[in-house]
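With mmCIF, C-alpha atoms inside, this is run29.cif:
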```cif
data_run
loop_
_atom_site.label_atom_id
_atom_site.label_comp_id
_atom_site.auth_asym_id
_atom_site.auth_seq_id
_atom_site.Cartn_x
_atom_site.Cartn_y
_atom_site.Cartn_z
CA MET V 1 0.00 0.00 0.00
CA SER V 2 1.33 3.42 -0.93
CA SER V 3 1.38 5.83 1.99
CA LEU V 4 1.65 9.58 1.79
CA LEU V 5 2.56 12.43 -0.49
CA ASP V 6 5.69 14.05 0.85
CA ALA V 7 7.57 17.12 -0.38
CA SER V 8 8.02 15.61 -3.85
CA PRO V 9 6.01 17.01 -6.78
CA THR V 10 4.11 13.73 -7.16
CA SER V 11 0.35 14.33 -7.24
CA VAL V 12 -2.49 12.07 -6.16
CA MET V 13 -3.53 11.39 -9.76
CA GLU V 14 0.03 10.60 -10.85
CA VAL V 15 0.25 7.97 -8.13
CA LEU V 16 -3.16 6.48 -8.88
CA ARG V 17 -2.90 6.32 -12.66
CA GLY V 18 0.61 4.88 -12.61
CA GLU V 19 2.26 3.49 -15.73
CA ARG V 20 -0.13 2.37 -18.45
CA ALA V 21 2.22 -0.38 -19.64
CA SER V 22 2.24 -2.05 -16.21
CA ARG V 23 -1.53 -2.47 -15.86
CA PRO V 24 -2.83 -6.05 -15.75
CA SER V 25 -5.53 -7.40 -18.05
CA ALA V 26 -9.09 -6.53 -17.05
CA ASP V 27 -10.67 -9.18 -14.81
CA SER V 28 -14.31 -9.77 -15.68
CA SER V 29 -14.50 -13.34 -14.37
CA SER V 30 -14.14 -12.88 -10.60
CA ALA V 31 -17.36 -10.97 -9.94
CA ALA V 32 -19.68 -13.95 -10.34
CA SER V 33 -17.75 -16.18 -7.94
CA LEU V 34 -17.43 -13.31 -5.48
CA ARG V 35 -21.19 -12.78 -5.51
CA ALA V 36 -21.72 -16.53 -4.97
CA VAL V 37 -19.40 -16.48 -1.95
CA LEU V 38 -21.31 -13.53 -0.50
CA GLU V 39 -24.70 -15.15 -1.08
CA ASP V 40 -23.62 -18.42 0.57
CA SER V 41 -22.09 -16.62 3.55
CA LEU V 42 -25.14 -14.37 4.04
CA LEU V 43 -27.43 -17.39 3.91
CA GLY V 44 -25.39 -18.87 6.74
CA VAL V 45 -25.82 -15.67 8.76
CA LEU V 46 -29.47 -14.85 8.01
CA GLY V 47 -30.88 -18.31 7.37
CA THR V 48 -34.10 -18.42 5.36
CA ALA V 49 -36.20 -16.17 7.60
CA THR V 50 -37.79 -13.10 6.03
CA ARG V 51 -37.07 -9.61 7.33
CA THR V 52 -39.36 -6.61 7.54
CA GLU V 53 -36.40 -4.29 6.88
CA PRO V 54 -33.21 -5.14 4.97
CA VAL V 55 -29.80 -4.86 6.60
CA THR V 56 -28.11 -1.86 4.97
CA VAL V 57 -24.32 -1.70 4.74
CA ARG V 58 -22.54 1.55 3.86
CA ALA V 59 -18.94 2.70 3.73
CA SER V 60 -19.56 4.42 7.07
CA SER V 61 -20.19 0.97 8.57
CA PHE V 62 -16.43 0.37 8.41
CA ARG V 63 -15.09 3.59 9.96
CA ALA V 64 -15.12 1.94 13.36
CA PRO V 65 -16.11 -1.69 13.89
CA TYR V 66 -19.71 -1.91 12.70
CA SER V 67 -20.34 1.82 13.14
CA SER V 68 -23.44 3.57 11.87
CA GLY V 69 -21.28 6.62 11.13
CA GLU V 70 -23.40 8.83 13.39
CA GLY V 71 -20.62 9.69 15.80
CA ALA V 72 -19.13 12.50 13.75
CA SER V 73 -19.91 16.04 14.88
CA ALA V 74 -22.30 18.10 12.80
CA LEU V 75 -19.52 20.59 12.06
CA GLY V 76 -17.27 17.74 10.92
CA SER V 77 -20.04 16.38 8.71
CA LEU V 78 -20.58 19.79 7.14
CA ARG V 79 -16.87 20.19 6.51
CA GLY V 80 -16.75 16.81 4.76
CA ILE V 81 -19.81 17.61 2.65
CA LEU V 82 -18.42 20.97 1.53
CA ILE V 83 -15.04 19.49 0.62
CA SER V 84 -16.84 16.81 -1.42
CA GLN V 85 -18.69 19.56 -3.23
CA ALA V 86 -15.41 21.41 -3.76
CA LEU V 87 -13.94 18.26 -5.33
CA ARG V 88 -16.86 18.09 -7.74
CA LEU V 89 -16.36 21.72 -8.74
CA LEU V 90 -12.64 21.13 -9.21
CA CYS V 91 -13.20 18.07 -11.41
CA ALA V 92 -15.79 19.97 -13.46
CA ARG V 93 -13.20 22.72 -14.03
CA VAL V 94 -15.41 25.32 -12.37
CA GLU V 95 -13.50 28.40 -11.28
CA VAL V 96 -13.68 28.55 -7.49
CA THR V 97 -13.16 32.03 -6.08
CA ASP V 98 -14.57 31.47 -2.59
CA VAL V 99 -14.56 27.77 -1.79
CA TYR V 100 -16.81 28.02 1.27
CA ARG V 101 -19.46 30.06 -0.53
CA ASP V 102 -19.25 28.16 -3.84
CA ALA V 103 -19.39 24.71 -2.21
CA LEU V 104 -22.24 25.80 0.05
CA VAL V 105 -24.30 27.07 -2.90
CA ALA V 106 -23.70 23.82 -4.82
CA TRP V 107 -24.67 21.69 -1.81
CA ARG V 108 -27.84 23.66 -1.05
CA ALA V 109 -28.93 23.43 -4.69
CA GLU V 110 -28.49 19.67 -4.61
CA ALA V 111 -29.62 18.70 -1.12
CA GLY V 112 -32.31 21.27 -0.35
CA GLU V 113 -33.35 21.67 3.27
CA ASN V 114 -32.31 19.01 5.75
CA TYR V 115 -31.20 18.76 9.37
CA LEU V 116 -27.63 19.83 8.53
CA SER V 117 -28.75 22.91 6.59
CA ARG V 118 -30.98 23.86 9.52
CA TYR V 119 -28.07 23.29 11.90
CA LEU V 120 -25.85 25.49 9.73
CA ALA V 121 -28.43 28.28 9.72
CA GLN V 122 -28.39 28.32 13.54
CA LEU V 123 -24.60 28.57 13.92
CA ASP V 124 -23.27 31.68 15.61
CA ALA V 125 -20.66 33.87 13.95
CA GLU V 126 -17.75 32.19 15.74
CA ASP V 127 -18.68 28.64 14.68
CA THR V 128 -19.44 29.80 11.13
CA ALA V 129 -16.01 31.43 10.91
CA ARG V 130 -14.38 28.27 12.25
CA LEU V 131 -16.18 26.12 9.67
CA ARG V 132 -15.17 28.49 6.87
CA ALA V 133 -11.53 28.44 7.96
CA ASP V 134 -11.58 24.62 8.18
CA VAL V 135 -13.03 24.28 4.69
CA GLU V 136 -10.52 26.73 3.23
CA ALA V 137 -7.58 24.89 4.84
CA HIS V 138 -8.73 21.48 3.57
CA TRP V 139 -9.39 22.97 0.13
CA VAL V 140 -5.80 24.21 -0.11
CA THR V 141 -4.53 20.67 0.55
CA LEU V 142 -6.96 19.11 -1.92
CA ARG V 143 -6.23 21.57 -4.75
CA ARG V 144 -2.47 21.37 -4.23
CA SER V 145 -2.34 17.57 -3.99
CA LEU V 146 -4.88 16.25 -6.50
CA GLY V 147 -2.98 17.19 -9.65
CA PRO V 148 -4.22 17.52 -13.24
CA LEU V 149 -7.29 15.53 -14.20
CA SER V 150 -7.55 14.85 -17.92
CA HIS V 151 -10.99 14.48 -19.49
CA TRP V 152 -9.55 11.48 -21.33
CA TRP V 153 -9.62 9.63 -17.99
CA LEU V 154 -13.44 9.93 -17.90
CA PRO V 155 -13.64 11.36 -14.36
CA ARG V 156 -16.94 10.84 -12.53
CA THR V 157 -17.69 12.31 -9.11
CA SER V 158 -20.07 11.26 -6.34
CA LEU V 159 -20.81 7.97 -8.11
CA ARG V 160 -23.51 6.06 -6.22
CA ALA V 161 -23.92 2.28 -6.22
CA TYR V 162 -26.63 -0.03 -4.91
CA GLN V 163 -26.53 -3.81 -4.70
CA ARG V 164 -29.10 -6.26 -3.29
CA LEU V 165 -27.97 -9.55 -1.80
CA GLY V 166 -29.52 -12.34 0.24
CA ALA V 167 -32.85 -12.28 -1.63
CA GLY V 168 -33.14 -8.56 -0.94
CA ARG V 169 -32.48 -8.87 2.78
CA VAL V 170 -29.10 -7.13 2.50
CA ILE V 171 -28.43 -3.88 0.65
CA LEU V 172 -24.95 -2.58 -0.10
CA ARG V 173 -24.91 1.19 -0.63
CA ASP V 174 -21.85 3.12 -1.63
CA MET V 175 -20.68 6.43 -3.02
CA VAL V 176 -17.22 6.96 -4.51
CA ASP V 177 -16.00 10.56 -4.48
CA LEU V 178 -13.99 10.22 -7.69
CA MET V 179 -13.67 7.45 -10.27
CA VAL V 180 -11.51 7.53 -13.39
CA GLY V 181 -10.96 4.98 -16.15
CA THR V 182 -13.29 2.62 -17.99
CA THR V 183 -14.39 -1.01 -17.71
CA ALA V 184 -14.47 -1.23 -21.52
CA SER V 185 -10.68 -1.44 -21.79
CA ASP V 186 -8.72 -4.69 -22.25
CA ALA V 187 -6.46 -3.54 -19.41
CA ALA V 188 -7.62 -2.73 -15.89
CA SER V 189 -7.96 1.05 -15.70
CA VAL V 190 -10.67 1.99 -13.19
CA VAL V 191 -9.31 3.83 -10.15
CA LEU V 192 -11.44 4.72 -7.12
CA LEU V 193 -10.67 7.64 -4.83
CA ASP V 194 -12.36 8.43 -1.53
CA VAL V 195 -11.64 11.88 -0.06
CA THR V 196 -11.99 12.41 3.67
CA THR V 197 -11.25 15.32 5.97
CA ALA V 198 -10.41 12.92 8.82
CA ALA V 199 -7.11 11.23 9.59
CA LEU V 200 -6.64 7.77 8.08
CA ASP V 201 -6.93 4.70 10.29
CA GLU V 202 -7.76 0.99 10.10
CA GLY V 203 -11.31 1.84 9.11
CA ALA V 204 -9.98 3.66 6.04
CA GLU V 205 -8.47 0.40 4.76
CA ARG V 206 -11.83 -1.36 5.13
CA ILE V 207 -13.53 1.48 3.25
CA MET V 208 -11.03 1.19 0.39
CA ARG V 209 -11.74 -2.53 0.09
CA TYR V 210 -15.49 -1.97 0.30
CA HIS V 211 -15.42 0.51 -2.58
CA ALA V 212 -13.57 -2.05 -4.70
CA LEU V 213 -16.00 -4.82 -3.77
CA VAL V 214 -19.15 -2.85 -4.58
CA GLN V 215 -17.64 -1.56 -7.82
CA THR V 216 -16.81 -5.14 -8.85
CA LEU V 217 -20.34 -6.34 -8.09
CA ARG V 218 -21.87 -3.33 -9.85
CA THR V 219 -19.92 -3.54 -13.11
CA GLY V 220 -18.71 -7.14 -13.22
CA THR V 221 -15.12 -5.90 -13.67
CA VAL V 222 -12.42 -5.63 -11.00
CA PRO V 223 -11.00 -2.08 -10.66
CA LEU V 224 -7.30 -1.44 -10.97
CA ARG V 225 -6.79 0.47 -7.72
CA THR V 226 -8.70 1.75 -4.73
CA SER V 227 -7.51 4.67 -2.61
CA ILE V 228 -8.32 7.19 0.06
CA PHE V 229 -6.88 10.67 0.56
CA SER V 230 -7.04 12.78 3.72
CA THR V 231 -7.23 16.53 3.25
CA GLY V 232 -6.55 16.80 6.97
CA THR V 233 -3.11 15.16 6.89
CA GLY V 234 -2.18 15.03 3.20
CA GLN V 235 -1.92 11.23 3.40
CA LEU V 236 -2.76 9.08 0.42
CA TRP V 237 -3.32 5.34 0.81
CA CYS V 238 -3.73 3.33 -2.36
CA SER V 239 -3.74 -0.37 -3.10
CA ASP V 240 -3.94 -2.48 -6.24
CA VAL V 241 -7.14 -4.53 -6.17
CA SER V 242 -6.56 -8.28 -6.07
CA GLY V 243 -8.72 -11.32 -5.48
CA GLU V 244 -7.48 -11.36 -1.90
CA THR V 245 -8.61 -7.73 -1.45
CA LEU V 246 -12.13 -8.55 -2.63
CA VAL V 247 -12.51 -11.77 -0.63
CA ARG V 248 -11.33 -9.97 2.50
CA SER V 249 -13.90 -7.24 1.94
CA ALA V 250 -16.62 -9.85 1.39
CA HIS V 251 -15.80 -11.34 4.79
CA GLU V 252 -15.88 -7.86 6.36
CA VAL V 253 -19.31 -7.23 4.85
CA VAL V 254 -20.59 -10.52 6.27
CA ASP V 255 -19.20 -9.57 9.70
CA VAL V 256 -21.04 -6.22 9.56
CA VAL V 257 -24.28 -7.93 8.54
CA ARG V 258 -23.89 -10.43 11.38
CA GLU V 259 -23.56 -7.59 13.91
CA LEU V 260 -26.35 -5.43 12.47
CA ALA V 261 -28.75 -8.32 12.02
#
```
Please rewrite the model in this file as structure tokens.
Amino acid sequence: MSSLLDASPTSVMEVLRGERASRPSADSSSAASLRAVLEDSLLGVLGTATRTEPVTVRASSFRAPYSSGEGASALGSLRGILISQALRLLCARVEVTDVYRDALVAWRAEAGENYLSRYLAQLDAEDTARLRADVEAHWVTLRRSLGPLSHWWLPRTSLRAYQRLGAGRVILRDMVDLMVGTTASDAASVVLLDVTTAALDEGAERIMRYHALVQTLRTGTVPLRTSIFSTGTGQLWCSDVSGETLVRSAHEVVDVVRELA
């Protein structure tokens, strides 16, 4: 696993794209067996009983062991949302003059009114200023570190995925902040990037694997690499996706379902 970007000029995208000549052939045969392993394992956990509500697994389920992701502060959640919006603006080549204002406008237009927008409206001047300063600091790290993003790489942001397993009793939900590459190539080229404002920990590794697993189930093709970048520390973790990566994530999903069910 690659670790962090140091003082070298290497950018996140340079690390993730790597050398074209060294990419392995695209793997479109592993997805079916991986799904079969998941179905068998979930049957062992859930049995044949019906459920009134499906067990829903998300990337946030892996931040801490079997977490619902609800422990983050509202200010931290807002910071993460606004940096995600800033990433989308950056990838769309939108000129950002005031990242806090521009990201906030984009988020409000997309999300409408919700509990976080109401929370934001009630912030006092001091907390609002602190949130703005946080967003601006994380934006500087993101813009400096990401590097050039060619349209030839087919960048897609905030890509959502949804997979049903266990006769509909388990739902895998996911959202990848940035995806580049195509599954139509003879060589593996899809790269997944998750951007977080938090420091990286063991949960970040599980999230990386989960992104790769859901992407494989969704498209039937194994991605080339999965990665996560922290705008808080400047760390980049990336890993080539292998059969071992996907099987390990499948077991982690089953463990989460066992706990939540």
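Separating CA of Ser30 in chain V from CA of Val241 in chain V is a distance of 11.8 Å.
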Inset, instruction - Can you turn the PyMOL selection byres ((chain V and resi 175-183) around 6) into a concrete residue list for this file, as number ranges by chain? - result: V: 153-160, 174, 184-185, 189-194
How would the residues just chosen look if you wrote them out with C-alpha atoms as a CSV table (one decimal), in the frame of the given file?
```csv
chain,number,residue,atom,x,y,z
V,153,TRP,CA,-9.6,9.6,-18.0
V,154,LEU,CA,-13.4,9.9,-17.9
V,155,PRO,CA,-13.6,11.4,-14.4
V,156,ARG,CA,-16.9,10.8,-12.5
V,157,THR,CA,-17.7,12.3,-9.1
V,158,SER,CA,-20.1,11.3,-6.3
V,159,LEU,CA,-20.8,8.0,-8.1
V,160,ARG,CA,-23.5,6.1,-6.2
V,174,ASP,CA,-21.8,3.1,-1.6
V,184,ALA,CA,-14.5,-1.2,-21.5
V,185,SER,CA,-10.7,-1.4,-21.8
V,189,SER,CA,-8.0,1.0,-15.7
V,190,VAL,CA,-10.7,2.0,-13.2
V,191,VAL,CA,-9.3,3.8,-10.2
V,192,LEU,CA,-11.4,4.7,-7.1
V,193,LEU,CA,-10.7,7.6,-4.8
V,194,ASP,CA,-12.4,8.4,-1.5
```
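Evaluating the PyMOL selection byres ((chain V and resi 171) around 8) against the shown model yields Pro54, Val55, Thr56, Val57, Tyr162, Gln163, Arg164, Leu165, Gly168, Arg169, Val170, Leu172 and Arg173 of chain V.
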Inset, instruction - Please evaluate the PyMOL selection byres ((chain V and resi 90) around 12) against the structure above and give the resulting residues as a ChimeraX atom specification. - result: /V:83-89,91-97,99,102-103,139-140,142-144,146-150,155-157,178
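What separates CA of Ala161 in chain V from CA of Ala36 in chain V is a distance of 19.0 Å.
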Legend entry - Residue nearest Glu110 in chain V among V:Leu42, V:Leu246, V:Ile81, V:Ala212 (counting all atoms listed in the file): V:Ile81
Inset, instruction - Name the closest residue to Asp27 in chain V among the candidates V:Glu252, V:Ala187, V:Leu217, V:Trp237; distances are taken between atoms, counting all atoms listed in the file. - result: V:Ala187
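With all atoms listed in the file as the basis for measurement, V:Ala188 is the residue among V:Val195, V:Ala188, V:Val222, V:Leu78 that approaches Glu19 in chain V most closely.
Non-sequential neighbours of Gly203 in chain V (distance at most 6 Å, separation of 2 or more positions within a chain, only C-alpha atoms) are Phe62, Arg63, Ala64, Asp201, Glu205 and Arg206 of chain V.
Note that the spacing between CA of Val45 in chain V and CA of Val257 in chain V amounts to 7.9 Å.
Distances here use all atoms listed in the file; by that measure, the residue among V:Met13, V:Leu82, V:Leu34, V:Ala167 closest to Ala111 in chain V is V:Leu82.
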Legend entry - Residue contacts of Tyr100 in chain V (7 Å, all atoms listed in the file) excluding same-chain residues fewer than 2 positions away, as a ChimeraX atom specification: /V:98,102-104,132,135-136
With N, CA, C and O atoms retained, output range 125-153 of chain V as a PDB file, in the first residue's frame.
```
ATOM      1  N   ALA V 125     -21.713  33.333  14.822  1.00  0.00           N
ATOM      2  CA  ALA V 125     -20.659  33.869  13.955  1.00  0.00           C
ATOM      3  C   ALA V 125     -19.322  33.161  14.178  1.00  0.00           C
ATOM      4  O   ALA V 125     -18.567  32.928  13.227  1.00  0.00           O
ATOM      5  N   GLU V 126     -19.031  32.825  15.438  1.00  0.00           N
ATOM      6  CA  GLU V 126     -17.748  32.190  15.743  1.00  0.00           C
ATOM      7  C   GLU V 126     -17.652  30.807  15.109  1.00  0.00           C
ATOM      8  O   GLU V 126     -16.636  30.455  14.499  1.00  0.00           O
ATOM      9  N   ASP V 127     -18.703  29.991  15.257  1.00  0.00           N
ATOM     10  CA  ASP V 127     -18.682  28.644  14.677  1.00  0.00           C
ATOM     11  C   ASP V 127     -18.693  28.690  13.150  1.00  0.00           C
ATOM     12  O   ASP V 127     -18.065  27.864  12.480  1.00  0.00           O
ATOM     13  N   THR V 128     -19.421  29.651  12.589  1.00  0.00           N
ATOM     14  CA  THR V 128     -19.438  29.802  11.133  1.00  0.00           C
ATOM     15  C   THR V 128     -18.042  30.153  10.620  1.00  0.00           C
ATOM     16  O   THR V 128     -17.581  29.609   9.606  1.00  0.00           O
ATOM     17  N   ALA V 129     -17.366  31.042  11.305  1.00  0.00           N
ATOM     18  CA  ALA V 129     -16.013  31.433  10.910  1.00  0.00           C
ATOM     19  C   ALA V 129     -15.058  30.246  11.030  1.00  0.00           C
ATOM     20  O   ALA V 129     -14.167  30.061  10.184  1.00  0.00           O
ATOM     21  N   ARG V 130     -15.240  29.433  12.071  1.00  0.00           N
ATOM     22  CA  ARG V 130     -14.378  28.270  12.248  1.00  0.00           C
ATOM     23  C   ARG V 130     -14.607  27.253  11.132  1.00  0.00           C
ATOM     24  O   ARG V 130     -13.662  26.676  10.599  1.00  0.00           O
ATOM     25  N   LEU V 131     -15.870  27.047  10.760  1.00  0.00           N
ATOM     26  CA  LEU V 131     -16.182  26.123   9.674  1.00  0.00           C
ATOM     27  C   LEU V 131     -15.588  26.630   8.362  1.00  0.00           C
ATOM     28  O   LEU V 131     -14.998  25.864   7.593  1.00  0.00           O
ATOM     29  N   ARG V 132     -15.731  27.919   8.097  1.00  0.00           N
ATOM     30  CA  ARG V 132     -15.172  28.491   6.874  1.00  0.00           C
ATOM     31  C   ARG V 132     -13.660  28.297   6.824  1.00  0.00           C
ATOM     32  O   ARG V 132     -13.107  27.889   5.790  1.00  0.00           O
ATOM     33  N   ALA V 133     -12.982  28.579   7.927  1.00  0.00           N
ATOM     34  CA  ALA V 133     -11.526  28.437   7.964  1.00  0.00           C
ATOM     35  C   ALA V 133     -11.114  26.981   7.751  1.00  0.00           C
ATOM     36  O   ALA V 133     -10.122  26.695   7.060  1.00  0.00           O
ATOM     37  N   ASP V 134     -11.860  26.047   8.354  1.00  0.00           N
ATOM     38  CA  ASP V 134     -11.581  24.625   8.178  1.00  0.00           C
ATOM     39  C   ASP V 134     -11.704  24.222   6.711  1.00  0.00           C
ATOM     40  O   ASP V 134     -10.838  23.542   6.157  1.00  0.00           O
ATOM     41  N   VAL V 135     -12.793  24.631   6.085  1.00  0.00           N
ATOM     42  CA  VAL V 135     -13.029  24.278   4.685  1.00  0.00           C
ATOM     43  C   VAL V 135     -11.932  24.861   3.803  1.00  0.00           C
ATOM     44  O   VAL V 135     -11.411  24.178   2.906  1.00  0.00           O
ATOM     45  N   GLU V 136     -11.552  26.098   4.048  1.00  0.00           N
ATOM     46  CA  GLU V 136     -10.516  26.732   3.230  1.00  0.00           C
ATOM     47  C   GLU V 136      -9.176  26.018   3.395  1.00  0.00           C
ATOM     48  O   GLU V 136      -8.445  25.822   2.405  1.00  0.00           O
ATOM     49  N   ALA V 137      -8.845  25.583   4.604  1.00  0.00           N
ATOM     50  CA  ALA V 137      -7.579  24.885   4.835  1.00  0.00           C
ATOM     51  C   ALA V 137      -7.562  23.529   4.128  1.00  0.00           C
ATOM     52  O   ALA V 137      -6.568  23.145   3.496  1.00  0.00           O
ATOM     53  N   HIS V 138      -8.662  22.781   4.227  1.00  0.00           N
ATOM     54  CA  HIS V 138      -8.730  21.476   3.569  1.00  0.00           C
ATOM     55  C   HIS V 138      -8.746  21.633   2.051  1.00  0.00           C
ATOM     56  O   HIS V 138      -8.200  20.791   1.326  1.00  0.00           O
ATOM     57  N   TRP V 139      -9.360  22.693   1.561  1.00  0.00           N
ATOM     58  CA  TRP V 139      -9.393  22.970   0.128  1.00  0.00           C
ATOM     59  C   TRP V 139      -7.986  23.217  -0.413  1.00  0.00           C
ATOM     60  O   TRP V 139      -7.637  22.733  -1.504  1.00  0.00           O
ATOM     61  N   VAL V 140      -7.174  23.951   0.317  1.00  0.00           N
ATOM     62  CA  VAL V 140      -5.800  24.213  -0.113  1.00  0.00           C
ATOM     63  C   VAL V 140      -5.050  22.894  -0.299  1.00  0.00           C
ATOM     64  O   VAL V 140      -4.352  22.689  -1.305  1.00  0.00           O
ATOM     65  N   THR V 141      -5.196  21.970   0.651  1.00  0.00           N
ATOM     66  CA  THR V 141      -4.525  20.668   0.554  1.00  0.00           C
ATOM     67  C   THR V 141      -5.049  19.869  -0.635  1.00  0.00           C
ATOM     68  O   THR V 141      -4.279  19.262  -1.384  1.00  0.00           O
ATOM     69  N   LEU V 142      -6.365  19.867  -0.819  1.00  0.00           N
ATOM     70  CA  LEU V 142      -6.957  19.113  -1.920  1.00  0.00           C
ATOM     71  C   LEU V 142      -6.503  19.654  -3.273  1.00  0.00           C
ATOM     72  O   LEU V 142      -6.063  18.889  -4.150  1.00  0.00           O
ATOM     73  N   ARG V 143      -6.582  20.964  -3.455  1.00  0.00           N
ATOM     74  CA  ARG V 143      -6.233  21.566  -4.747  1.00  0.00           C
ATOM     75  C   ARG V 143      -4.750  21.389  -5.058  1.00  0.00           C
ATOM     76  O   ARG V 143      -4.378  21.127  -6.204  1.00  0.00           O
ATOM     77  N   ARG V 144      -3.911  21.501  -4.035  1.00  0.00           N
ATOM     78  CA  ARG V 144      -2.471  21.374  -4.231  1.00  0.00           C
ATOM     79  C   ARG V 144      -2.071  19.935  -4.536  1.00  0.00           C
ATOM     80  O   ARG V 144      -1.154  19.683  -5.324  1.00  0.00           O
ATOM     81  N   SER V 145      -2.779  18.963  -3.929  1.00  0.00           N
ATOM     82  CA  SER V 145      -2.340  17.572  -3.991  1.00  0.00           C
ATOM     83  C   SER V 145      -2.961  16.761  -5.118  1.00  0.00           C
ATOM     84  O   SER V 145      -2.365  15.784  -5.572  1.00  0.00           O
ATOM     85  N   LEU V 146      -4.170  17.113  -5.554  1.00  0.00           N
ATOM     86  CA  LEU V 146      -4.875  16.249  -6.498  1.00  0.00           C
ATOM     87  C   LEU V 146      -4.139  16.124  -7.818  1.00  0.00           C
ATOM     88  O   LEU V 146      -3.988  15.027  -8.348  1.00  0.00           O
ATOM     89  N   GLY V 147      -3.683  17.238  -8.374  1.00  0.00           N
ATOM     90  CA  GLY V 147      -2.980  17.188  -9.647  1.00  0.00           C
ATOM     91  C   GLY V 147      -3.930  17.293 -10.825  1.00  0.00           C
ATOM     92  O   GLY V 147      -5.151  17.297 -10.669  1.00  0.00           O
ATOM     93  N   PRO V 148      -3.383  17.363 -12.040  1.00  0.00           N
ATOM     94  CA  PRO V 148      -4.216  17.522 -13.241  1.00  0.00           C
ATOM     95  C   PRO V 148      -5.107  16.308 -13.469  1.00  0.00           C
ATOM     96  O   PRO V 148      -4.725  15.178 -13.206  1.00  0.00           O
ATOM     97  N   LEU V 149      -6.303  16.584 -13.977  1.00  0.00           N
ATOM     98  CA  LEU V 149      -7.291  15.532 -14.201  1.00  0.00           C
ATOM     99  C   LEU V 149      -7.771  15.630 -15.649  1.00  0.00           C
ATOM    100  O   LEU V 149      -8.617  16.448 -15.978  1.00  0.00           O
ATOM    101  N   SER V 150      -7.219  14.800 -16.500  1.00  0.00           N
ATOM    102  CA  SER V 150      -7.547  14.852 -17.915  1.00  0.00           C
ATOM    103  C   SER V 150      -8.957  14.335 -18.186  1.00  0.00           C
ATOM    104  O   SER V 150      -9.398  13.363 -17.565  1.00  0.00           O
ATOM    105  N   HIS V 151      -9.652  14.964 -19.137  1.00  0.00           N
ATOM    106  CA  HIS V 151     -10.986  14.480 -19.487  1.00  0.00           C
ATOM    107  C   HIS V 151     -10.911  13.136 -20.192  1.00  0.00           C
ATOM    108  O   HIS V 151     -11.901  12.408 -20.258  1.00  0.00           O
ATOM    109  N   TRP V 152      -9.722  12.786 -20.702  1.00  0.00           N
ATOM    110  CA  TRP V 152      -9.550  11.479 -21.332  1.00  0.00           C
ATOM    111  C   TRP V 152      -9.661  10.349 -20.317  1.00  0.00           C
ATOM    112  O   TRP V 152      -9.857   9.183 -20.691  1.00  0.00           O
ATOM    113  N   TRP V 153      -9.519  10.653 -19.035  1.00  0.00           N
ATOM    114  CA  TRP V 153      -9.623   9.628 -17.994  1.00  0.00           C
ATOM    115  C   TRP V 153     -11.074   9.375 -17.574  1.00  0.00           C
ATOM    116  O   TRP V 153     -11.337   8.577 -16.688  1.00  0.00           O
TER     117      TRP V 153
END
```
